[in-house]
Each structure stands twice: as structure tokens, then as C-alpha cells.
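With PDB, C-alpha atoms inside, this is protein_37.pdb:
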```pdb
ATOM      1  CA  MET N   1     258.218 112.759  49.547
ATOM      2  CA  ARG N   2     259.768 112.784  46.104
ATOM      3  CA  PRO N   3     257.290 111.444  43.501
ATOM      4  CA  THR N   4     258.318 108.653  41.160
ATOM      5  CA  VAL N   5     257.007 110.454  38.061
ATOM      6  CA  SER N   6     256.567 114.091  37.086
ATOM      7  CA  VAL N   7     253.989 114.574  34.311
ATOM      8  CA  ILE N   8     254.485 117.791  32.356
ATOM      9  CA  ILE N   9     251.759 119.332  30.206
ATOM     10  CA  VAL N  10     252.559 122.385  28.096
ATOM     11  CA  ASN N  11     249.373 124.366  27.547
ATOM     12  CA  TRP N  12     248.522 127.193  25.177
ATOM     13  CA  ASN N  13     244.888 128.302  24.948
ATOM     14  CA  GLY N  14     243.686 124.787  25.708
ATOM     15  CA  LYS N  15     240.427 125.672  27.436
ATOM     16  CA  ASN N  16     238.528 122.972  25.545
ATOM     17  CA  LEU N  17     241.330 120.399  25.804
ATOM     18  CA  LEU N  18     243.139 120.653  29.126
ATOM     19  CA  PRO N  19     240.285 119.552  31.451
ATOM     20  CA  ASP N  20     239.916 116.153  29.753
ATOM     21  CA  CYS N  21     243.682 115.698  29.650
ATOM     22  CA  LEU N  22     243.919 116.296  33.396
ATOM     23  CA  ALA N  23     240.912 114.049  34.014
ATOM     24  CA  SER N  24     242.727 111.192  32.287
ATOM     25  CA  LEU N  25     245.596 111.633  34.740
ATOM     26  CA  ARG N  26     243.244 111.518  37.709
ATOM     27  CA  ASP N  27     242.109 108.093  36.472
ATOM     28  CA  GLN N  28     245.625 106.611  36.467
ATOM     29  CA  THR N  29     246.105 103.308  38.287
ATOM     30  CA  PHE N  30     249.647 104.425  39.167
ATOM     31  CA  ARG N  31     249.318 107.184  41.765
ATOM     32  CA  ASP N  32     252.849 108.229  42.739
ATOM     33  CA  PHE N  33     253.172 111.205  40.415
ATOM     34  CA  GLU N  34     252.940 114.973  40.317
ATOM     35  CA  THR N  35     251.364 117.020  37.528
ATOM     36  CA  ILE N  36     252.991 120.208  36.278
ATOM     37  CA  VAL N  37     251.109 122.448  33.840
ATOM     38  CA  VAL N  38     253.268 125.001  32.042
ATOM     39  CA  ASP N  39     251.035 127.702  30.599
ATOM     40  CA  ASN N  40     252.562 129.370  27.549
ATOM     41  CA  GLY N  41     250.903 132.776  27.915
ATOM     42  CA  SER N  42     247.327 131.603  27.322
ATOM     43  CA  THR N  43     244.652 134.266  26.839
ATOM     44  CA  ASP N  44     241.616 131.995  27.283
ATOM     45  CA  GLY N  45     241.928 131.425  31.033
ATOM     46  CA  SER N  46     242.611 127.730  30.526
ATOM     47  CA  ALA N  47     245.167 127.622  33.351
ATOM     48  CA  ASP N  48     243.000 129.462  35.878
ATOM     49  CA  GLY N  49     241.688 127.628  38.924
ATOM     50  CA  LEU N  50     243.494 124.357  38.281
ATOM     51  CA  LYS N  51     243.650 122.027  41.274
ATOM     52  CA  ASP N  52     245.940 119.152  42.262
ATOM     53  CA  CYS N  53     248.742 120.338  40.006
ATOM     54  CA  VAL N  54     251.591 122.810  39.900
ATOM     55  CA  VAL N  55     251.017 125.673  37.448
ATOM     56  CA  ILE N  56     253.938 127.552  35.919
ATOM     57  CA  ARG N  57     252.897 130.669  34.021
ATOM     58  CA  LEU N  58     255.018 132.111  31.236
ATOM     59  CA  GLN N  59     254.267 135.647  30.126
ATOM     60  CA  LYS N  60     254.089 134.721  26.444
ATOM     61  CA  ASN N  61     254.247 131.666  24.212
ATOM     62  CA  ARG N  62     257.842 130.471  24.520
ATOM     63  CA  GLY N  63     257.280 127.323  22.495
ATOM     64  CA  PHE N  64     257.043 123.611  23.231
ATOM     65  CA  ALA N  65     260.753 123.163  23.961
ATOM     66  CA  ARG N  66     260.995 126.038  26.455
ATOM     67  CA  GLY N  67     257.709 125.076  28.089
ATOM     68  CA  ASN N  68     258.845 121.519  28.732
ATOM     69  CA  ASN N  69     262.229 122.698  29.968
ATOM     70  CA  GLU N  70     260.531 124.946  32.516
ATOM     71  CA  GLY N  71     258.475 121.992  33.703
ATOM     72  CA  ILE N  72     261.466 119.651  33.885
ATOM     73  CA  CYS N  73     263.432 122.178  35.945
ATOM     74  CA  ALA N  74     260.559 122.331  38.456
ATOM     75  CA  ALA N  75     260.002 118.555  38.503
ATOM     76  CA  HIS N  76     260.915 116.279  41.399
ATOM     77  CA  GLY N  77     260.321 112.873  39.815
ATOM     78  CA  GLU N  78     262.743 110.102  39.009
ATOM     79  CA  TYR N  79     261.016 109.899  35.625
ATOM     80  CA  ILE N  80     259.733 112.697  33.384
ATOM     81  CA  ALA N  81     256.545 112.094  31.389
ATOM     82  CA  LEU N  82     255.418 114.535  28.707
ATOM     83  CA  LEU N  83     251.766 114.665  27.692
ATOM     84  CA  ASN N  84     250.184 116.996  25.151
ATOM     85  CA  ASN N  85     247.180 118.962  26.342
ATOM     86  CA  ASP N  86     245.236 117.492  23.397
ATOM     87  CA  ALA N  87     246.018 113.919  24.466
ATOM     88  CA  ARG N  88     244.093 111.537  26.732
ATOM     89  CA  ALA N  89     246.015 108.833  28.575
ATOM     90  CA  ASN N  90     244.438 105.455  29.229
ATOM     91  CA  SER N  91     244.259 104.509  32.889
ATOM     92  CA  PHE N  92     247.263 102.147  32.712
ATOM     93  CA  TRP N  93     249.533 104.596  30.868
ATOM     94  CA  LEU N  94     251.891 105.515  33.719
ATOM     95  CA  GLU N  95     251.747 102.075  35.320
ATOM     96  CA  GLU N  96     252.941 100.401  32.118
ATOM     97  CA  LEU N  97     255.696 102.949  31.521
ATOM     98  CA  VAL N  98     257.059 102.692  35.062
ATOM     99  CA  LYS N  99     256.896  98.899  34.839
ATOM    100  CA  ALA N 100     258.952  98.982  31.618
ATOM    101  CA  ALA N 101     261.453 101.452  33.086
ATOM    102  CA  GLU N 102     262.049  99.206  36.085
ATOM    103  CA  LYS N 103     262.340  96.127  33.873
ATOM    104  CA  TYR N 104     264.874  97.720  31.503
ATOM    105  CA  PRO N 105     267.207  99.919  33.581
ATOM    106  CA  GLU N 106     269.557 100.328  30.617
ATOM    107  CA  VAL N 107     266.870 102.132  28.557
ATOM    108  CA  GLY N 108     266.620 105.917  28.890
ATOM    109  CA  MET N 109     263.541 106.724  26.767
ATOM    110  CA  PHE N 110     260.152 105.065  26.415
ATOM    111  CA  ALA N 111     257.609 105.607  23.639
ATOM    112  CA  SER N 112     253.865 105.279  24.126
ATOM    113  CA  GLY N 113     251.369 103.886  21.673
ATOM    114  CA  VAL N 114     249.592 106.963  20.316
ATOM    115  CA  LEU N 115     246.178 106.523  18.683
ATOM    116  CA  ARG N 116     244.084 108.889  16.584
ATOM    117  CA  PRO N 117     240.367 109.411  17.239
ATOM    118  CA  ASP N 118     239.528 107.250  14.204
ATOM    119  CA  GLY N 119     241.230 104.287  15.899
ATOM    120  CA  LYS N 120     244.269 104.268  13.634
ATOM    121  CA  LEU N 121     247.823 104.543  14.911
ATOM    122  CA  ASP N 122     249.402 107.972  15.156
ATOM    123  CA  SER N 123     252.782 106.686  16.299
ATOM    124  CA  VAL N 124     254.407 103.652  17.873
ATOM    125  CA  GLY N 125     257.681 105.412  18.463
ATOM    126  CA  CYS N 126     259.595 107.492  15.955
ATOM    127  CA  ASP N 127     262.531 107.279  13.573
ATOM    128  CA  VAL N 128     264.439 109.890  11.561
ATOM    129  CA  SER N 129     264.316 110.255   7.782
ATOM    130  CA  PRO N 130     267.547 110.616   5.743
ATOM    131  CA  ASP N 131     266.839 114.352   5.425
ATOM    132  CA  GLY N 132     266.363 114.966   9.151
ATOM    133  CA  ASN N 133     262.597 114.783   9.448
ATOM    134  CA  GLY N 134     261.017 112.996  12.400
ATOM    135  CA  MET N 135     258.841 110.087  11.230
ATOM    136  CA  CYS N 136     256.076 108.479  13.279
ATOM    137  CA  ARG N 137     256.195 104.701  12.950
ATOM    138  CA  GLY N 138     252.941 102.959  12.079
ATOM    139  CA  ARG N 139     251.035 106.170  11.313
ATOM    140  CA  GLY N 140     247.746 105.542   9.547
ATOM    141  CA  LEU N 141     247.662 101.800  10.255
ATOM    142  CA  TYR N 142     245.251  99.902  12.456
ATOM    143  CA  HIS N 143     246.586  97.869  15.383
ATOM    144  CA  TRP N 144     245.909  94.608  13.568
ATOM    145  CA  GLN N 145     248.047  95.814  10.639
ATOM    146  CA  TYR N 146     251.077  96.363  12.860
ATOM    147  CA  ASP N 147     253.144  93.833  14.787
ATOM    148  CA  ASN N 148     252.383  95.544  18.077
ATOM    149  CA  LYS N 149     255.112  94.404  20.452
ATOM    150  CA  GLU N 150     257.904  95.879  22.543
ATOM    151  CA  GLU N 151     260.735  96.994  20.275
ATOM    152  CA  LEU N 152     263.584  99.449  20.139
ATOM    153  CA  VAL N 153     262.871 102.652  18.218
ATOM    154  CA  THR N 154     264.869 105.850  17.779
ATOM    155  CA  PHE N 155     262.926 108.230  20.016
ATOM    156  CA  PRO N 156     259.477 108.798  21.556
ATOM    157  CA  SER N 157     256.955 111.270  20.194
ATOM    158  CA  GLY N 158     256.868 114.368  22.384
ATOM    159  CA  CYS N 159     253.099 113.952  22.527
ATOM    160  CA  ALA N 160     253.522 111.217  25.156
ATOM    161  CA  ALA N 161     257.183 110.679  25.994
ATOM    162  CA  PHE N 162     258.780 109.114  29.064
ATOM    163  CA  TYR N 163     262.383 109.835  30.064
ATOM    164  CA  ARG N 164     264.699 108.929  32.903
ATOM    165  CA  ARG N 165     265.583 112.110  34.756
ATOM    166  CA  SER N 166     269.155 110.846  35.102
ATOM    167  CA  MET N 167     269.429 110.697  31.299
ATOM    168  CA  LEU N 168     268.218 114.286  30.910
ATOM    169  CA  ASP N 169     270.660 115.408  33.594
ATOM    170  CA  HIS N 170     273.397 113.773  31.515
ATOM    171  CA  ILE N 171     272.568 114.929  27.975
ATOM    172  CA  GLY N 172     270.731 118.186  28.705
ATOM    173  CA  LEU N 173     267.174 119.339  28.052
ATOM    174  CA  PHE N 174     265.359 120.352  24.861
ATOM    175  CA  ASP N 175     267.173 122.762  22.546
ATOM    176  CA  GLU N 176     264.979 125.866  22.792
ATOM    177  CA  ARG N 177     266.042 127.095  19.354
ATOM    178  CA  PHE N 178     263.600 124.567  17.901
ATOM    179  CA  PHE N 179     260.610 126.367  19.524
ATOM    180  CA  MET N 180     258.231 123.695  18.197
ATOM    181  CA  TYR N 181     258.604 120.626  15.938
ATOM    182  CA  ASN N 182     261.594 118.265  15.872
ATOM    183  CA  GLU N 183     262.746 119.211  19.378
ATOM    184  CA  ASP N 184     261.905 115.651  20.450
ATOM    185  CA  THR N 185     263.841 114.306  17.450
ATOM    186  CA  ASP N 186     266.934 116.288  18.389
ATOM    187  CA  LEU N 187     266.803 115.184  22.021
ATOM    188  CA  GLY N 188     266.345 111.562  20.948
ATOM    189  CA  LEU N 189     269.355 111.656  18.628
ATOM    190  CA  ARG N 190     271.506 113.246  21.317
ATOM    191  CA  ALA N 191     270.411 110.531  23.742
ATOM    192  CA  GLN N 192     271.219 107.789  21.231
ATOM    193  CA  LYS N 193     274.688 109.262  20.662
ATOM    194  CA  ALA N 194     275.229 109.206  24.434
ATOM    195  CA  GLY N 195     274.375 105.494  24.508
ATOM    196  CA  TYR N 196     270.738 105.587  25.632
ATOM    197  CA  LYS N 197     268.112 103.433  23.902
ATOM    198  CA  CYS N 198     264.390 103.991  23.383
ATOM    199  CA  LEU N 199     261.788 101.264  23.917
ATOM    200  CA  TYR N 200     258.275 101.279  22.485
ATOM    201  CA  VAL N 201     255.775 100.127  25.154
ATOM    202  CA  PRO N 202     252.574  99.013  23.341
ATOM    203  CA  THR N 203     250.525  98.720  26.549
ATOM    204  CA  ALA N 204     251.058 102.413  27.419
ATOM    205  CA  VAL N 205     248.426 104.086  25.244
ATOM    206  CA  VAL N 206     247.187 107.634  24.723
ATOM    207  CA  MET N 207     244.638 109.144  22.357
ATOM    208  CA  HIS N 208     245.880 112.186  20.436
ATOM    209  CA  LEU N 209     243.073 114.488  19.352
ATOM    210  CA  TYR N 210     245.225 117.077  17.540
ATOM    211  CA  SER N 211     244.366 120.652  18.392
ATOM    212  CA  ARG N 212     243.806 123.025  15.510
ATOM    213  CA  SER N 213     246.787 125.143  16.506
ATOM    214  CA  SER N 214     249.239 122.256  16.184
ATOM    215  CA  SER N 215     247.825 120.293  13.270
ATOM    216  CA  ALA N 216     246.862 122.967  10.786
ATOM    217  CA  TYR N 217     249.026 123.058   7.683
ATOM    218  CA  SER N 218     250.180 126.660   7.460
ATOM    219  CA  LEU N 219     253.150 128.662   6.298
ATOM    220  CA  LYS N 220     254.154 129.089   9.950
ATOM    221  CA  LYS N 221     254.189 125.344  10.516
ATOM    222  CA  LEU N 222     256.055 124.741   7.249
ATOM    223  CA  PHE N 223     258.670 127.297   8.279
ATOM    224  CA  TYR N 224     259.344 125.675  11.652
ATOM    225  CA  VAL N 225     259.317 122.130  10.269
ATOM    226  CA  GLU N 226     261.827 122.919   7.522
ATOM    227  CA  ARG N 227     264.007 125.267   9.558
ATOM    228  CA  ASN N 228     264.219 122.785  12.418
ATOM    229  CA  ARG N 229     264.913 119.902  10.047
ATOM    230  CA  ILE N 230     267.945 121.770   8.723
ATOM    231  CA  LEU N 231     269.070 122.756  12.229
ATOM    232  CA  LEU N 232     268.755 119.143  13.351
ATOM    233  CA  MET N 233     270.903 117.913  10.463
ATOM    234  CA  PHE N 234     273.698 120.388  11.140
ATOM    235  CA  LYS N 235     273.656 119.417  14.814
ATOM    236  CA  ASN N 236     273.462 115.648  14.432
ATOM    237  CA  PHE N 237     274.314 114.517  10.877
ATOM    238  CA  SER N 238     277.611 113.843   9.157
ATOM    239  CA  PHE N 239     278.767 115.942   6.191
ATOM    240  CA  GLU N 240     277.939 113.061   3.833
ATOM    241  CA  GLN N 241     274.384 112.776   5.191
ATOM    242  CA  ILE N 242     273.832 116.523   4.842
ATOM    243  CA  PHE N 243     275.261 116.557   1.299
ATOM    244  CA  PHE N 244     272.831 113.909   0.018
ATOM    245  CA  SER N 245     269.810 115.051   2.061
ATOM    246  CA  PRO N 246     268.273 117.305  -0.676
ATOM    247  CA  ILE N 247     267.631 114.183  -2.766
ATOM    248  CA  PHE N 248     265.490 112.714   0.000
ATOM    249  CA  THR N 249     263.741 116.046   0.603
ATOM    250  CA  PHE N 250     262.785 116.192  -3.081
ATOM    251  CA  ILE N 251     261.445 112.621  -2.952
ATOM    252  CA  ARG N 252     259.489 113.365   0.238
ATOM    253  CA  TYR N 253     257.769 116.443  -1.194
ATOM    254  CA  PHE N 254     257.167 114.732  -4.519
ATOM    255  CA  ASN N 255     255.348 111.926  -2.718
ATOM    256  CA  LEU N 256     253.368 114.429  -0.628
ATOM    257  CA  LEU N 257     252.267 116.361  -3.703
ATOM    258  CA  ARG N 258     251.430 113.164  -5.571
ATOM    259  CA  GLY N 259     249.329 112.013  -2.633
ATOM    260  CA  ALA N 260     247.478 115.341  -2.507
ATOM    261  CA  ALA N 261     246.749 115.304  -6.233
TER     262      ALA N 261
END
```

Once more with this new file: its structure as C-alpha cells, please.
Amino acid sequence: MRPTVSVIIVNWNGKNLLPDCLASLRDQTFRDFETIVVDNGSTDGSADGLKDCVVIRLQKNRGFARGNNEGICAAHGEYIALLNNDARANSFWLEELVKAAEKYPEVGMFASGVLRPDGKLDSVGCDVSPDGNGMCRGRGLYHWQYDNKEELVTFPSGCAAFYRRSMLDHIGLFDERFFMYNEDTDLGLRAQKAGYKCLYVPTAVVMHLYSRSSSAYSLKKLFYVERNRILLMFKNFSFEQIFFSPIFTFIRYFNLLRGAA
């Protein structure tokens, strides 16, 4: 039978992360789902011997966008759930997302509540800055500091996103030119332009541990973040927005440098 949900996990050298991620899925109260692990050319054996899931092996690291696209193409579910290999879903995660999707048939995307290990919020859905950078709402706040309720946001964080398959069939999959970073932003903006909304579901919660490979501030990360920000603007912004965007980029980096001082 066709499962209701297909959960896709893109993995790259996640030997110390993937087992706990998969264990959190085995504890789900909602059971009608399949798990698809897309291995991006891992060299640590992290995708070897996996049980109760479909494993798709890519010969080399094709990036987050390509990895998820491979998983989506192999998926059978009515809904597509993305989960980072360094994330842990609470036991009600899928149940709450499916419940919201059935309650709001006009909504195409659903954002989870993403927590950091220190108990602070990592994201409660995402918005887009005036210079094309994806922004996680609520980041760094505690739950009690945020009015934690269902609300419309721009797009879900790719760490724990939930999409209607029918929406993806309509607007297309992730743009693989992004490789990593801002691919979820681009897809969200394309969905919004096509008339699909995104709902933040506060009862669908995951813990995001942040692997070293994805969180480290490096020249490689800076390159992809800035290149993809510019690509996103040229794809989705008006000429006027692009023209004034350097002002907001200057302000953003000024604030970052001031905060690091």
C-alpha cells in the first residue's frame, strides 16, 4: 500500500548521527510512513546495514538539494517530510504534521518547531531578509519568550520540513544549483508565488544537534551562502529589490561583526 508520508534523510558521513535520527523515527506514534535514506557518497560506512528503510547511494556528495530530490523521486507518500541526519524528532512529530495537513488542505508547506540542545529555539519557521538570506524565526529565544502558536510563515526550515507531494509536483523540486544552503528558501518562495502557504506547527518538534560539517563557519560555507543568496535574488526578486539589497547586506554584516567584537 502507498504510505501516507515519506520521510527523507540526506546523509553524509553521519556515522555518529544517523542511528539516533532513525531511532527517533521508530518511536513515532504515527506509523504509516516510509523512510528513505539518501547517502551522499559517505566514506564512514554510515549507510551500511540499515534496516527498515530504503537506501539510495550516490557515488559522491551531490549536495543537499540533489540528495533530497533523489529521495523525493523515489518516494511514494502523499506527504514528503525532510529530516536532517543530525536532528531528533519527538514521538508526536509526524502525527502533529499530518493532523495539521488534514485540517488545512489549502496549505502546502508545514514548518516544525526546531530546538537546539541548549533548549533555545533554532527556528519556528523561516522568513526571507531584504537581501535574499533565509532567516530562522525565533532563533536564540526560549519557548516562553515566543508566542508559540500556529501561524503562517514564509517557508519551513529544510532541517524538518513537511510538504504536500501534490505541491511539489506542481512547482518542481529543489533547484540543484544551490547544492547546499538557501535551497529551502528558494523552494518556499516559488511555492508562495504559486499560491501555496506555509503553516508553523508548534506541536511538531525536533531537536537539531548541528553536525560539525554543516555548522562550521568556513570559507566554503560563506561561499555557498553568499552565492546562493545572490542566485535566489535573481530568481525570485524584483529589479528594485535587487538594486537596494546591498544596503541590507552591509547592515547585516555590520551587525554580525559588531556582535563578534

Length of the CA of Arg252 (chain N) to CA of Pro202 (chain N) vector [Å]: 28.1 Å

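Take the candidates N:Ile72, N:Val54, N:Ile251, N:Ile8 and check each one against Leu168 (chain N) using all atoms listed in the file; the shortest distance goes to N:Ile72.
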
Result set, the PyMOL selection byres ((chain N and resi 208) around 9) on current file, as a ChimeraX atom specification: /N:84,86-89,114-117,122,159,206-207,209-211

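Counting only C-alpha atoms, region 138-141 of chain N has the following residues at most 10 Å away, ignoring those fewer than 2 positions along the same chain: Gly113, Val114, Leu115, Arg116, Asp118, Gly119, Lys120, Leu121, Asp122, Ser123, Val124, Gly125, Cys126, Met135, Cys136, His143, Trp144, Gln145, Tyr146, Asp147 and Asn148 of chain N.
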
Counting all atoms listed in the file, which residues of region 126-147 of chain N fall within 9 Å of region 230-234 of chain N, and what is the closest atom pair for each with its distance in Å at one decimal, ordered by chain and rising number, as CSV?
```
residue,atom,partner,partner_atom,distance
N:Asp131,CA,N:Met233,CA,7.4
N:Gly132,CA,N:Met233,CA,5.6
N:Asn133,CA,N:Leu232,CA,8.5
```

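In this model, the gap between CA of Thr43 (chain N) and CA of Ala65 (chain N) comes to 19.8 Å.
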
Contacts of region 164-167 of chain N at 9 Å or less, counting all atoms listed in the file, minus same-chain residues fewer than 6 places along, as a PDB file with C-alpha atoms, keeping the file's coordinate frame?
```
ATOM      1  CA  ILE N  72     261.466 119.651  33.885  1.00  0.00           C
ATOM      2  CA  GLY N  77     260.321 112.873  39.815  1.00  0.00           C
ATOM      3  CA  GLU N  78     262.743 110.102  39.009  1.00  0.00           C
ATOM      4  CA  TYR N  79     261.016 109.899  35.625  1.00  0.00           C
ATOM      5  CA  ILE N  80     259.733 112.697  33.384  1.00  0.00           C
ATOM      6  CA  ALA N  81     256.545 112.094  31.389  1.00  0.00           C
ATOM      7  CA  ALA N 101     261.453 101.452  33.086  1.00  0.00           C
ATOM      8  CA  VAL N 107     266.870 102.132  28.557  1.00  0.00           C
ATOM      9  CA  GLY N 108     266.620 105.917  28.890  1.00  0.00           C
ATOM     10  CA  MET N 109     263.541 106.724  26.767  1.00  0.00           C
ATOM     11  CA  PHE N 110     260.152 105.065  26.415  1.00  0.00           C
ATOM     12  CA  ALA N 191     270.411 110.531  23.742  1.00  0.00           C
ATOM     13  CA  TYR N 196     270.738 105.587  25.632  1.00  0.00           C
TER      14      TYR N 196
END
```

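Of note, CA of Arg177 (chain N) and CA of Phe223 (chain N) are spaced 13.3 Å apart.
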
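Between Ser238 (chain N) and the residues N:Thr154, N:Pro130, N:Leu22, N:Ser112, the shortest atom-to-atom distance, using only C-alpha atoms, involves N:Pro130.
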
Running the PyMOL selection byres ((chain N and resi 50) around 12) on this model by hand, what would come out? Give it as a PyMOL selection string. chain N and resi 15+18-19+22-23+35-39+45-49+51-56

Would you mind exporting C-alpha atoms of the selected residues as a PDB file, in the frame of the given file?
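selection.pdb, freshly written:
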```pdb
ATOM      1  CA  LYS N  15     240.427 125.672  27.436  1.00  0.00           C
ATOM      2  CA  LEU N  18     243.139 120.653  29.126  1.00  0.00           C
ATOM      3  CA  PRO N  19     240.285 119.552  31.451  1.00  0.00           C
ATOM      4  CA  LEU N  22     243.919 116.296  33.396  1.00  0.00           C
ATOM      5  CA  ALA N  23     240.912 114.049  34.014  1.00  0.00           C
ATOM      6  CA  THR N  35     251.364 117.020  37.528  1.00  0.00           C
ATOM      7  CA  ILE N  36     252.991 120.208  36.278  1.00  0.00           C
ATOM      8  CA  VAL N  37     251.109 122.448  33.840  1.00  0.00           C
ATOM      9  CA  VAL N  38     253.268 125.001  32.042  1.00  0.00           C
ATOM     10  CA  ASP N  39     251.035 127.702  30.599  1.00  0.00           C
ATOM     11  CA  GLY N  45     241.928 131.425  31.033  1.00  0.00           C
ATOM     12  CA  SER N  46     242.611 127.730  30.526  1.00  0.00           C
ATOM     13  CA  ALA N  47     245.167 127.622  33.351  1.00  0.00           C
ATOM     14  CA  ASP N  48     243.000 129.462  35.878  1.00  0.00           C
ATOM     15  CA  GLY N  49     241.688 127.628  38.924  1.00  0.00           C
ATOM     16  CA  LYS N  51     243.650 122.027  41.274  1.00  0.00           C
ATOM     17  CA  ASP N  52     245.940 119.152  42.262  1.00  0.00           C
ATOM     18  CA  CYS N  53     248.742 120.338  40.006  1.00  0.00           C
ATOM     19  CA  VAL N  54     251.591 122.810  39.900  1.00  0.00           C
ATOM     20  CA  VAL N  55     251.017 125.673  37.448  1.00  0.00           C
ATOM     21  CA  ILE N  56     253.938 127.552  35.919  1.00  0.00           C
TER      22      ILE N  56
END
```

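For the residues N:Val201, N:Leu187, N:Ile9, N:Leu82, ranking by smallest atom-to-atom distance to His170 (chain N) using only C-alpha atoms places N:Leu187 first.
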
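Remark: for Gly14 (chain N), the closest of the candidate residues N:Leu189, N:Leu222, N:Phe254, N:Gly41 is N:Gly41 (distances computed over only C-alpha atoms).
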
Excluding same-chain residues fewer than 3 positions from Met180 (chain N), what lies within 8 Å of it counting all atoms listed in the file, as a short mmCIF file (atom, residue, chain, number, x, y, z; two decimals) with C-alpha atoms, in the coordinates of the input?
```
data_model
loop_
_atom_site.label_atom_id
_atom_site.label_comp_id
_atom_site.auth_asym_id
_atom_site.auth_seq_id
_atom_site.Cartn_x
_atom_site.Cartn_y
_atom_site.Cartn_z
CA GLY N 63 257.28 127.32 22.50
CA PHE N 64 257.04 123.61 23.23
CA ALA N 65 260.75 123.16 23.96
CA GLU N 183 262.75 119.21 19.38
CA TYR N 224 259.34 125.68 11.65
#
```

Which of these residues is nearest to Glu226 (chain N), using all atoms listed in the file: N:Ile247, N:Tyr181, N:Gly172, N:Ile242? N:Tyr181

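Each of N:Asn16, N:Asn90, N:Lys197, N:Gly158 was compared to Pro105 (chain N) using only C-alpha atoms, and N:Lys197 turns out to be the nearest.
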
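Those residues returned by the PyMOL selection byres ((chain N and resi 3) around 9) for this file are Met1, Arg2, Thr4, Val5, Ser6, Asp32, Phe33, Glu34, His76, Gly77, Glu78 and Tyr79 of chain N.
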
My structure is short of atoms at region 105-124 of chain N; please model N, CA and C atoms there, returning them as a compact mmCIF listing (two decimals), in the frame of the given file.
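Now in result_24.txt:
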```
# COMPACT_ATOMS: atom_id res chain seq x y z
N PRO N 105 266.48 98.77 33.02
CA PRO N 105 267.21 99.92 33.58
C PRO N 105 268.23 100.53 32.63
N GLU N 106 268.58 99.80 31.57
CA GLU N 106 269.56 100.33 30.62
C GLU N 106 268.92 101.25 29.58
N VAL N 107 267.59 101.31 29.54
CA VAL N 107 266.87 102.13 28.56
C VAL N 107 266.58 103.50 29.16
N GLY N 108 266.81 104.56 28.38
CA GLY N 108 266.62 105.92 28.89
C GLY N 108 265.36 106.60 28.44
N MET N 109 264.74 106.10 27.33
CA MET N 109 263.54 106.72 26.77
C MET N 109 262.50 105.65 26.49
N PHE N 110 261.23 106.02 26.64
CA PHE N 110 260.15 105.06 26.42
C PHE N 110 259.05 105.75 25.60
N ALA N 111 258.63 105.07 24.54
CA ALA N 111 257.61 105.61 23.64
C ALA N 111 256.26 104.96 23.92
N SER N 112 255.23 105.78 23.94
CA SER N 112 253.86 105.28 24.13
C SER N 112 253.25 104.90 22.79
N GLY N 113 252.18 104.12 22.85
CA GLY N 113 251.37 103.89 21.67
C GLY N 113 250.36 105.01 21.56
N VAL N 114 250.45 105.79 20.49
CA VAL N 114 249.59 106.96 20.32
C VAL N 114 248.56 106.67 19.24
N LEU N 115 247.28 106.79 19.60
CA LEU N 115 246.18 106.52 18.68
C LEU N 115 245.51 107.82 18.24
N ARG N 116 244.90 107.78 17.06
CA ARG N 116 244.08 108.89 16.58
C ARG N 116 242.63 108.61 16.93
N PRO N 117 241.78 109.63 16.91
CA PRO N 117 240.37 109.41 17.24
C PRO N 117 239.66 108.41 16.34
N ASP N 118 240.16 108.21 15.11
CA ASP N 118 239.53 107.25 14.20
C ASP N 118 239.97 105.81 14.48
N GLY N 119 240.79 105.62 15.53
CA GLY N 119 241.23 104.29 15.90
C GLY N 119 242.51 103.84 15.23
N LYS N 120 243.01 104.61 14.29
CA LYS N 120 244.27 104.27 13.63
C LYS N 120 245.45 104.73 14.48
N LEU N 121 246.61 104.17 14.19
CA LEU N 121 247.82 104.54 14.91
C LEU N 121 248.30 105.93 14.48
N ASP N 122 248.74 106.70 15.44
CA ASP N 122 249.40 107.97 15.16
C ASP N 122 250.91 107.78 15.23
N SER N 123 251.37 107.05 16.24
CA SER N 123 252.78 106.69 16.30
C SER N 123 252.99 105.54 17.28
N VAL N 124 253.96 104.71 16.96
CA VAL N 124 254.41 103.65 17.87
C VAL N 124 255.92 103.83 18.03
```
